[in-house]
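As stored in protein-v3.cif (mmCIF, N, CA and C atoms):
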```
data_run
#
loop_
_atom_site.label_atom_id
_atom_site.label_comp_id
_atom_site.auth_asym_id
_atom_site.auth_seq_id
_atom_site.Cartn_x
_atom_site.Cartn_y
_atom_site.Cartn_z
N MET R 1 109.31 17.70 112.82
CA MET R 1 107.94 17.62 113.28
C MET R 1 107.13 18.74 112.63
N THR R 2 105.98 18.40 112.13
CA THR R 2 105.12 19.42 111.53
C THR R 2 104.28 20.09 112.60
N GLU R 3 103.67 21.23 112.24
CA GLU R 3 102.86 21.95 113.21
C GLU R 3 101.61 21.18 113.63
N LYS R 4 101.12 20.28 112.79
CA LYS R 4 99.89 19.54 113.10
C LYS R 4 100.14 18.36 114.03
N GLN R 5 101.38 17.97 114.22
CA GLN R 5 101.66 16.84 115.10
C GLN R 5 101.57 17.29 116.56
N PRO R 6 100.91 16.50 117.40
CA PRO R 6 100.83 16.87 118.82
C PRO R 6 102.17 16.61 119.52
N ASN R 7 102.41 17.35 120.58
CA ASN R 7 103.56 17.07 121.43
C ASN R 7 103.25 15.82 122.24
N ILE R 8 104.26 15.00 122.46
CA ILE R 8 104.09 13.77 123.23
C ILE R 8 105.14 13.77 124.35
N LEU R 9 104.68 13.58 125.57
CA LEU R 9 105.58 13.41 126.71
C LEU R 9 105.28 12.05 127.30
N PHE R 10 106.26 11.19 127.26
CA PHE R 10 106.12 9.85 127.83
C PHE R 10 107.01 9.83 129.07
N LEU R 11 106.38 9.80 130.23
CA LEU R 11 107.09 9.92 131.49
C LEU R 11 107.02 8.59 132.23
N VAL R 12 108.18 8.04 132.56
CA VAL R 12 108.26 6.80 133.32
C VAL R 12 109.02 7.09 134.60
N ILE R 13 108.38 6.81 135.72
CA ILE R 13 109.03 7.00 137.02
C ILE R 13 108.96 5.67 137.76
N ASP R 14 110.10 5.16 138.12
CA ASP R 14 110.18 3.88 138.81
C ASP R 14 109.89 4.08 140.30
N SER R 15 109.11 3.21 140.86
CA SER R 15 108.82 3.17 142.30
C SER R 15 108.12 4.41 142.82
N LEU R 16 107.16 4.90 142.09
CA LEU R 16 106.36 6.04 142.54
C LEU R 16 104.91 5.59 142.62
N SER R 17 104.37 5.60 143.82
CA SER R 17 102.99 5.16 143.98
C SER R 17 102.02 6.28 143.69
N LYS R 18 100.84 5.89 143.30
CA LYS R 18 99.77 6.83 142.99
C LYS R 18 99.47 7.76 144.18
N GLN R 19 99.57 7.24 145.39
CA GLN R 19 99.28 8.03 146.58
C GLN R 19 100.24 9.21 146.75
N LYS R 20 101.45 9.11 146.21
CA LYS R 20 102.43 10.18 146.35
C LYS R 20 102.07 11.41 145.52
N ILE R 21 101.33 11.22 144.40
CA ILE R 21 101.05 12.37 143.55
C ILE R 21 99.56 12.64 143.32
N LEU R 22 98.70 11.66 143.52
CA LEU R 22 97.27 11.86 143.22
C LEU R 22 96.37 11.85 144.44
N ASP R 23 96.86 11.41 145.56
CA ASP R 23 96.04 11.31 146.76
C ASP R 23 95.75 12.69 147.34
N LYS R 24 94.54 12.90 147.85
CA LYS R 24 94.19 14.19 148.45
C LYS R 24 95.05 14.51 149.67
N ASN R 25 95.53 13.50 150.36
CA ASN R 25 96.36 13.69 151.56
C ASN R 25 97.83 13.35 151.26
N LYS R 26 98.30 13.62 150.05
CA LYS R 26 99.67 13.26 149.69
C LYS R 26 100.68 14.00 150.55
N ASN R 27 101.85 13.39 150.71
CA ASN R 27 102.88 14.00 151.54
C ASN R 27 104.11 14.42 150.71
N SER R 28 103.94 14.56 149.41
CA SER R 28 105.02 14.97 148.52
C SER R 28 104.63 16.24 147.79
N GLU R 29 105.61 17.11 147.57
CA GLU R 29 105.37 18.30 146.76
C GLU R 29 105.78 17.99 145.33
N THR R 30 104.81 18.03 144.42
CA THR R 30 105.06 17.67 143.02
C THR R 30 104.40 18.68 142.09
N PRO R 31 104.84 19.94 142.10
CA PRO R 31 104.17 20.95 141.28
C PRO R 31 104.20 20.65 139.78
N GLY R 32 105.31 20.13 139.28
CA GLY R 32 105.38 19.80 137.86
C GLY R 32 104.43 18.69 137.47
N LEU R 33 104.40 17.63 138.26
CA LEU R 33 103.49 16.53 137.99
C LEU R 33 102.04 16.96 138.19
N ASP R 34 101.79 17.80 139.20
CA ASP R 34 100.43 18.31 139.43
C ASP R 34 99.94 19.07 138.19
N PHE R 35 100.82 19.89 137.62
CA PHE R 35 100.47 20.65 136.42
C PHE R 35 100.15 19.71 135.27
N LEU R 36 100.98 18.69 135.07
CA LEU R 36 100.75 17.74 133.98
C LEU R 36 99.42 17.00 134.16
N VAL R 37 99.10 16.62 135.38
CA VAL R 37 97.85 15.91 135.65
C VAL R 37 96.66 16.83 135.39
N GLU R 38 96.77 18.10 135.80
CA GLU R 38 95.66 19.04 135.63
C GLU R 38 95.47 19.49 134.18
N GLN R 39 96.55 19.68 133.46
CA GLN R 39 96.48 20.26 132.11
C GLN R 39 96.59 19.23 130.98
N GLY R 40 97.00 18.02 131.30
CA GLY R 40 97.21 17.02 130.26
C GLY R 40 96.31 15.83 130.43
N THR R 41 96.78 14.71 129.96
CA THR R 41 96.05 13.45 130.07
C THR R 41 96.81 12.57 131.05
N SER R 42 96.09 12.01 131.99
CA SER R 42 96.71 11.10 132.94
C SER R 42 95.79 9.91 133.15
N PHE R 43 96.32 8.88 133.71
CA PHE R 43 95.56 7.66 133.95
C PHE R 43 95.62 7.33 135.43
N SER R 44 94.48 7.11 136.02
CA SER R 44 94.45 6.81 137.45
C SER R 44 94.65 5.33 137.74
N ASN R 45 94.55 4.49 136.74
CA ASN R 45 94.76 3.05 136.90
C ASN R 45 95.69 2.56 135.81
N ALA R 46 96.52 1.61 136.14
CA ALA R 46 97.42 1.01 135.16
C ALA R 46 97.68 -0.43 135.55
N ILE R 47 97.97 -1.24 134.57
CA ILE R 47 98.32 -2.63 134.81
C ILE R 47 99.70 -2.85 134.23
N ALA R 48 100.62 -3.28 135.06
CA ALA R 48 102.00 -3.51 134.61
C ALA R 48 102.10 -4.88 133.94
N PRO R 49 102.85 -4.96 132.85
CA PRO R 49 103.00 -6.25 132.18
C PRO R 49 103.95 -7.20 132.90
N SER R 50 104.66 -6.71 133.91
CA SER R 50 105.63 -7.52 134.64
C SER R 50 105.74 -7.01 136.07
N PRO R 51 106.09 -7.87 137.03
CA PRO R 51 106.22 -7.39 138.40
C PRO R 51 107.49 -6.58 138.67
N SER R 52 108.41 -6.52 137.72
CA SER R 52 109.62 -5.72 137.91
C SER R 52 109.71 -4.64 136.83
N SER R 53 110.46 -3.60 137.14
CA SER R 53 110.46 -2.39 136.30
C SER R 53 111.02 -2.59 134.90
N TYR R 54 112.23 -3.12 134.79
CA TYR R 54 112.86 -3.14 133.48
C TYR R 54 112.07 -3.94 132.44
N PRO R 55 111.63 -5.16 132.74
CA PRO R 55 110.80 -5.86 131.75
C PRO R 55 109.50 -5.13 131.44
N SER R 56 108.92 -4.47 132.43
CA SER R 56 107.68 -3.70 132.19
C SER R 56 107.93 -2.55 131.24
N ILE R 57 108.99 -1.79 131.48
CA ILE R 57 109.30 -0.65 130.61
C ILE R 57 109.64 -1.12 129.21
N ALA R 58 110.41 -2.18 129.09
CA ALA R 58 110.75 -2.73 127.77
C ALA R 58 109.50 -3.17 127.04
N SER R 59 108.57 -3.77 127.75
CA SER R 59 107.32 -4.22 127.14
C SER R 59 106.48 -3.03 126.67
N ILE R 60 106.44 -1.97 127.47
CA ILE R 60 105.69 -0.77 127.09
C ILE R 60 106.30 -0.13 125.85
N LEU R 61 107.62 -0.07 125.79
CA LEU R 61 108.30 0.57 124.65
C LEU R 61 108.20 -0.24 123.37
N THR R 62 108.09 -1.55 123.49
CA THR R 62 108.06 -2.40 122.29
C THR R 62 106.67 -2.90 121.92
N GLY R 63 105.77 -2.96 122.90
CA GLY R 63 104.44 -3.47 122.64
C GLY R 63 104.37 -4.99 122.58
N ILE R 64 105.42 -5.65 123.06
CA ILE R 64 105.41 -7.12 123.08
C ILE R 64 105.61 -7.61 124.52
N PHE R 65 105.40 -8.90 124.73
CA PHE R 65 105.51 -9.47 126.07
C PHE R 65 106.89 -9.21 126.67
N PRO R 66 106.98 -9.04 127.99
CA PRO R 66 108.26 -8.77 128.63
C PRO R 66 109.33 -9.83 128.31
N PHE R 67 108.95 -11.09 128.31
CA PHE R 67 109.95 -12.13 128.08
C PHE R 67 110.49 -12.13 126.66
N LYS R 68 109.81 -11.46 125.72
CA LYS R 68 110.30 -11.34 124.36
C LYS R 68 110.96 -9.99 124.10
N SER R 69 110.74 -9.03 124.98
CA SER R 69 111.23 -7.67 124.73
C SER R 69 112.62 -7.41 125.30
N ILE R 70 113.13 -8.31 126.15
CA ILE R 70 114.45 -8.08 126.73
C ILE R 70 115.37 -9.28 126.47
N VAL R 71 116.66 -9.01 126.51
CA VAL R 71 117.68 -10.06 126.40
C VAL R 71 118.70 -9.84 127.52
N LEU R 72 119.35 -10.90 127.93
CA LEU R 72 120.40 -10.81 128.94
C LEU R 72 121.73 -10.61 128.23
N ASP R 73 122.44 -9.56 128.59
CA ASP R 73 123.71 -9.23 127.95
C ASP R 73 124.73 -8.92 129.04
N ASN R 74 125.69 -9.81 129.23
CA ASN R 74 126.73 -9.62 130.26
C ASN R 74 126.14 -9.33 131.63
N LYS R 75 125.22 -10.15 132.07
CA LYS R 75 124.57 -10.06 133.38
C LYS R 75 123.59 -8.89 133.52
N HIS R 76 123.32 -8.18 132.44
CA HIS R 76 122.37 -7.07 132.48
C HIS R 76 121.31 -7.27 131.41
N PHE R 77 120.09 -6.90 131.74
CA PHE R 77 119.02 -6.96 130.77
C PHE R 77 119.03 -5.70 129.92
N ARG R 78 118.68 -5.84 128.66
CA ARG R 78 118.50 -4.69 127.77
C ARG R 78 117.40 -5.01 126.79
N ILE R 79 116.89 -3.99 126.14
CA ILE R 79 115.84 -4.22 125.16
C ILE R 79 116.41 -5.02 124.00
N ASN R 80 115.68 -6.00 123.57
CA ASN R 80 116.11 -6.86 122.47
C ASN R 80 116.36 -5.99 121.24
N PRO R 81 117.59 -6.00 120.70
CA PRO R 81 117.90 -5.14 119.55
C PRO R 81 117.14 -5.53 118.28
N LYS R 82 116.50 -6.70 118.26
CA LYS R 82 115.74 -7.12 117.08
C LYS R 82 114.32 -6.56 117.08
N THR R 83 113.94 -5.89 118.16
CA THR R 83 112.58 -5.34 118.24
C THR R 83 112.58 -3.86 117.91
N VAL R 84 111.45 -3.38 117.45
CA VAL R 84 111.28 -1.96 117.15
C VAL R 84 110.53 -1.33 118.31
N THR R 85 111.02 -0.21 118.80
CA THR R 85 110.33 0.50 119.87
C THR R 85 109.46 1.59 119.28
N PHE R 86 108.51 2.07 120.06
CA PHE R 86 107.66 3.14 119.55
C PHE R 86 108.47 4.43 119.38
N ILE R 87 109.61 4.54 120.06
CA ILE R 87 110.49 5.69 119.87
C ILE R 87 111.00 5.72 118.43
N LYS R 88 111.38 4.56 117.92
CA LYS R 88 111.83 4.46 116.52
C LYS R 88 110.69 4.86 115.58
N ASN R 89 109.49 4.44 115.89
CA ASN R 89 108.34 4.82 115.06
C ASN R 89 108.12 6.33 115.08
N LEU R 90 108.27 6.96 116.23
CA LEU R 90 108.11 8.41 116.31
C LEU R 90 109.17 9.12 115.47
N ILE R 91 110.39 8.63 115.52
CA ILE R 91 111.47 9.20 114.70
C ILE R 91 111.13 9.07 113.22
N ASP R 92 110.58 7.93 112.83
CA ASP R 92 110.18 7.72 111.43
C ASP R 92 109.10 8.70 110.99
N TYR R 93 108.32 9.20 111.96
CA TYR R 93 107.27 10.20 111.65
C TYR R 93 107.74 11.63 111.93
N ASN R 94 109.05 11.82 111.90
CA ASN R 94 109.69 13.14 112.02
C ASN R 94 109.55 13.80 113.39
N TYR R 95 109.37 13.02 114.43
CA TYR R 95 109.42 13.57 115.77
C TYR R 95 110.87 13.62 116.23
N ASN R 96 111.20 14.56 117.10
CA ASN R 96 112.49 14.59 117.75
C ASN R 96 112.39 13.70 118.98
N ALA R 97 113.22 12.71 119.07
CA ALA R 97 113.15 11.79 120.21
C ALA R 97 114.56 11.49 120.72
#
```
Mind turning this structure into structure tokens?
Amino acid sequence: MTEKQPNILFLVIDSLSKQKILDKNKNSETPGLDFLVEQGTSFSNAIAPSPSSYPSIASILTGIFPFKSIVLDNKHFRINPKTVTFIKNLIDYNYNA
């Protein structure tokens, strides 16, 4: 990674509602996430590409529809090995991933 490249943190947390970390009356202690929200870039709204986590995450990582981004392998879903993820693209641009 060169000095001019920005640091990138891609954080995925399954089953965490906005009210747990962004609500004024939240009932969770999240100092690390609070710091990231205050000092970094965050989004208060998001639209998931799928109603379940794994297809949504696969779609986010690949940039393609959930039904094309995953395959069933021995009763488990995994990212389709024929697709390129943005992690691979970051590695191609000399990021440590």
| task | Taking the file above as input, evaluate the PyMOL selection byres (((chain R and resi 80 and name CA) around 12) and name CA) and report the hits as a list in words. | result |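 Given this file, the PyMOL selection byres (((chain R and resi 80 and name CA) around 12) and name CA) evaluates to Pro55, Ala58, Ser59, Leu61, Thr62, Ile64, Phe65, Pro66, Phe67, Lys68, Ser69, Ile70, Val71, Leu72, Asp73, His76, Phe77, Arg78, Ile79, Pro81, Lys82, Thr83, Val84 and Thr85 of chain R.
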Based on the backbone DSSP call, show me all residues of chain R assigned strand (DSSP E or B), as a ChimeraX atom specification.
/R:70-73,76-79
message = Neighbouring residues of R:Ile8 were defined as those with any atom within 12 Å, considering only C-alpha atoms; residues of the same chain fewer than 3 positions away were excluded. Please report them as a list of chain:residue names.
response =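 The residues satisfying every condition are R:Met1, R:Gln5, R:Leu11, R:Leu36, R:Gly40, R:Thr41, R:Phe86, R:Ile87, R:Leu90, R:Tyr95, R:Asn96, R:Ala97.
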Please provide the set of residues having any atom within 12 Å of R:Ser42, restricted to only C-alpha atoms, with same-chain residues fewer than 5 positions apart removed, written as a list in words. Leu9, Phe10, Leu11, Lys18, Ile21, Leu22, Leu33, Asp34, Phe35, Leu36 and Val37 of chain R
Please run DSSP on the backbone and report, as a PDB file with N, CA and C atoms, in the coordinates of the input, all residues within stretch 44-76 of chain R that come out as alpha helix (DSSP H).
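Result file part01.pdb:
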```
ATOM      1  N   SER R  53     110.460  -3.600 137.140  1.00  0.00           N
ATOM      2  CA  SER R  53     110.460  -2.390 136.300  1.00  0.00           C
ATOM      3  C   SER R  53     111.020  -2.590 134.900  1.00  0.00           C
ATOM      4  N   TYR R  54     112.230  -3.120 134.790  1.00  0.00           N
ATOM      5  CA  TYR R  54     112.860  -3.140 133.480  1.00  0.00           C
ATOM      6  C   TYR R  54     112.070  -3.940 132.440  1.00  0.00           C
ATOM      7  N   PRO R  55     111.630  -5.160 132.740  1.00  0.00           N
ATOM      8  CA  PRO R  55     110.800  -5.860 131.750  1.00  0.00           C
ATOM      9  C   PRO R  55     109.500  -5.130 131.440  1.00  0.00           C
ATOM     10  N   SER R  56     108.920  -4.470 132.430  1.00  0.00           N
ATOM     11  CA  SER R  56     107.680  -3.700 132.190  1.00  0.00           C
ATOM     12  C   SER R  56     107.930  -2.550 131.240  1.00  0.00           C
ATOM     13  N   ILE R  57     108.990  -1.790 131.480  1.00  0.00           N
ATOM     14  CA  ILE R  57     109.300  -0.650 130.610  1.00  0.00           C
ATOM     15  C   ILE R  57     109.640  -1.120 129.210  1.00  0.00           C
ATOM     16  N   ALA R  58     110.410  -2.180 129.090  1.00  0.00           N
ATOM     17  CA  ALA R  58     110.750  -2.730 127.770  1.00  0.00           C
ATOM     18  C   ALA R  58     109.500  -3.170 127.040  1.00  0.00           C
ATOM     19  N   SER R  59     108.570  -3.770 127.750  1.00  0.00           N
ATOM     20  CA  SER R  59     107.320  -4.220 127.140  1.00  0.00           C
ATOM     21  C   SER R  59     106.480  -3.030 126.670  1.00  0.00           C
ATOM     22  N   ILE R  60     106.440  -1.970 127.470  1.00  0.00           N
ATOM     23  CA  ILE R  60     105.690  -0.770 127.090  1.00  0.00           C
ATOM     24  C   ILE R  60     106.300  -0.130 125.850  1.00  0.00           C
ATOM     25  N   LEU R  61     107.620  -0.070 125.790  1.00  0.00           N
ATOM     26  CA  LEU R  61     108.300   0.570 124.650  1.00  0.00           C
ATOM     27  C   LEU R  61     108.200  -0.240 123.370  1.00  0.00           C
ATOM     28  N   THR R  62     108.090  -1.550 123.490  1.00  0.00           N
ATOM     29  CA  THR R  62     108.060  -2.400 122.290  1.00  0.00           C
ATOM     30  C   THR R  62     106.670  -2.900 121.920  1.00  0.00           C
ATOM     31  N   PRO R  66     106.980  -9.040 127.990  1.00  0.00           N
ATOM     32  CA  PRO R  66     108.260  -8.770 128.630  1.00  0.00           C
ATOM     33  C   PRO R  66     109.330  -9.830 128.310  1.00  0.00           C
ATOM     34  N   PHE R  67     108.950 -11.090 128.310  1.00  0.00           N
ATOM     35  CA  PHE R  67     109.950 -12.130 128.080  1.00  0.00           C
ATOM     36  C   PHE R  67     110.490 -12.130 126.660  1.00  0.00           C
ATOM     37  N   LYS R  68     109.810 -11.460 125.720  1.00  0.00           N
ATOM     38  CA  LYS R  68     110.300 -11.340 124.360  1.00  0.00           C
ATOM     39  C   LYS R  68     110.960  -9.990 124.100  1.00  0.00           C
ATOM     40  N   SER R  69     110.740  -9.030 124.980  1.00  0.00           N
ATOM     41  CA  SER R  69     111.230  -7.670 124.730  1.00  0.00           C
ATOM     42  C   SER R  69     112.620  -7.410 125.300  1.00  0.00           C
TER      43      SER R  69
END
```
Between atom C of R:Lys88 and atom N of R:Lys75 lies a distance of 26.6 Å
For stretch 21-38 of chain R, take all atoms listed in the file, fit an axis-aligned box around them, add 8 Å to each of the six sides, then output centre and edge lengths in Å rounded to one decimal, as AutoDock Vina command-line options.
```
--center_x 100.0 --center_y 16.1 --center_z 142.8 --size_x 27.6 --size_y 25.7 --size_z 33.6
```
Query raised in the report: So how far away is atom N of R:Lys24 from atom CA of R:Ala46, in Å?
Result: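 Interatomic distance, atom CA of R:Ala46 to atom N of R:Lys24: 17.6 Å.
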Gap from atom C of R:Ser53 to atom CA of R:Asp14 - Å, one decimal:
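Atom CA of R:Asp14 lies 7.6 Å from atom C of R:Ser53.
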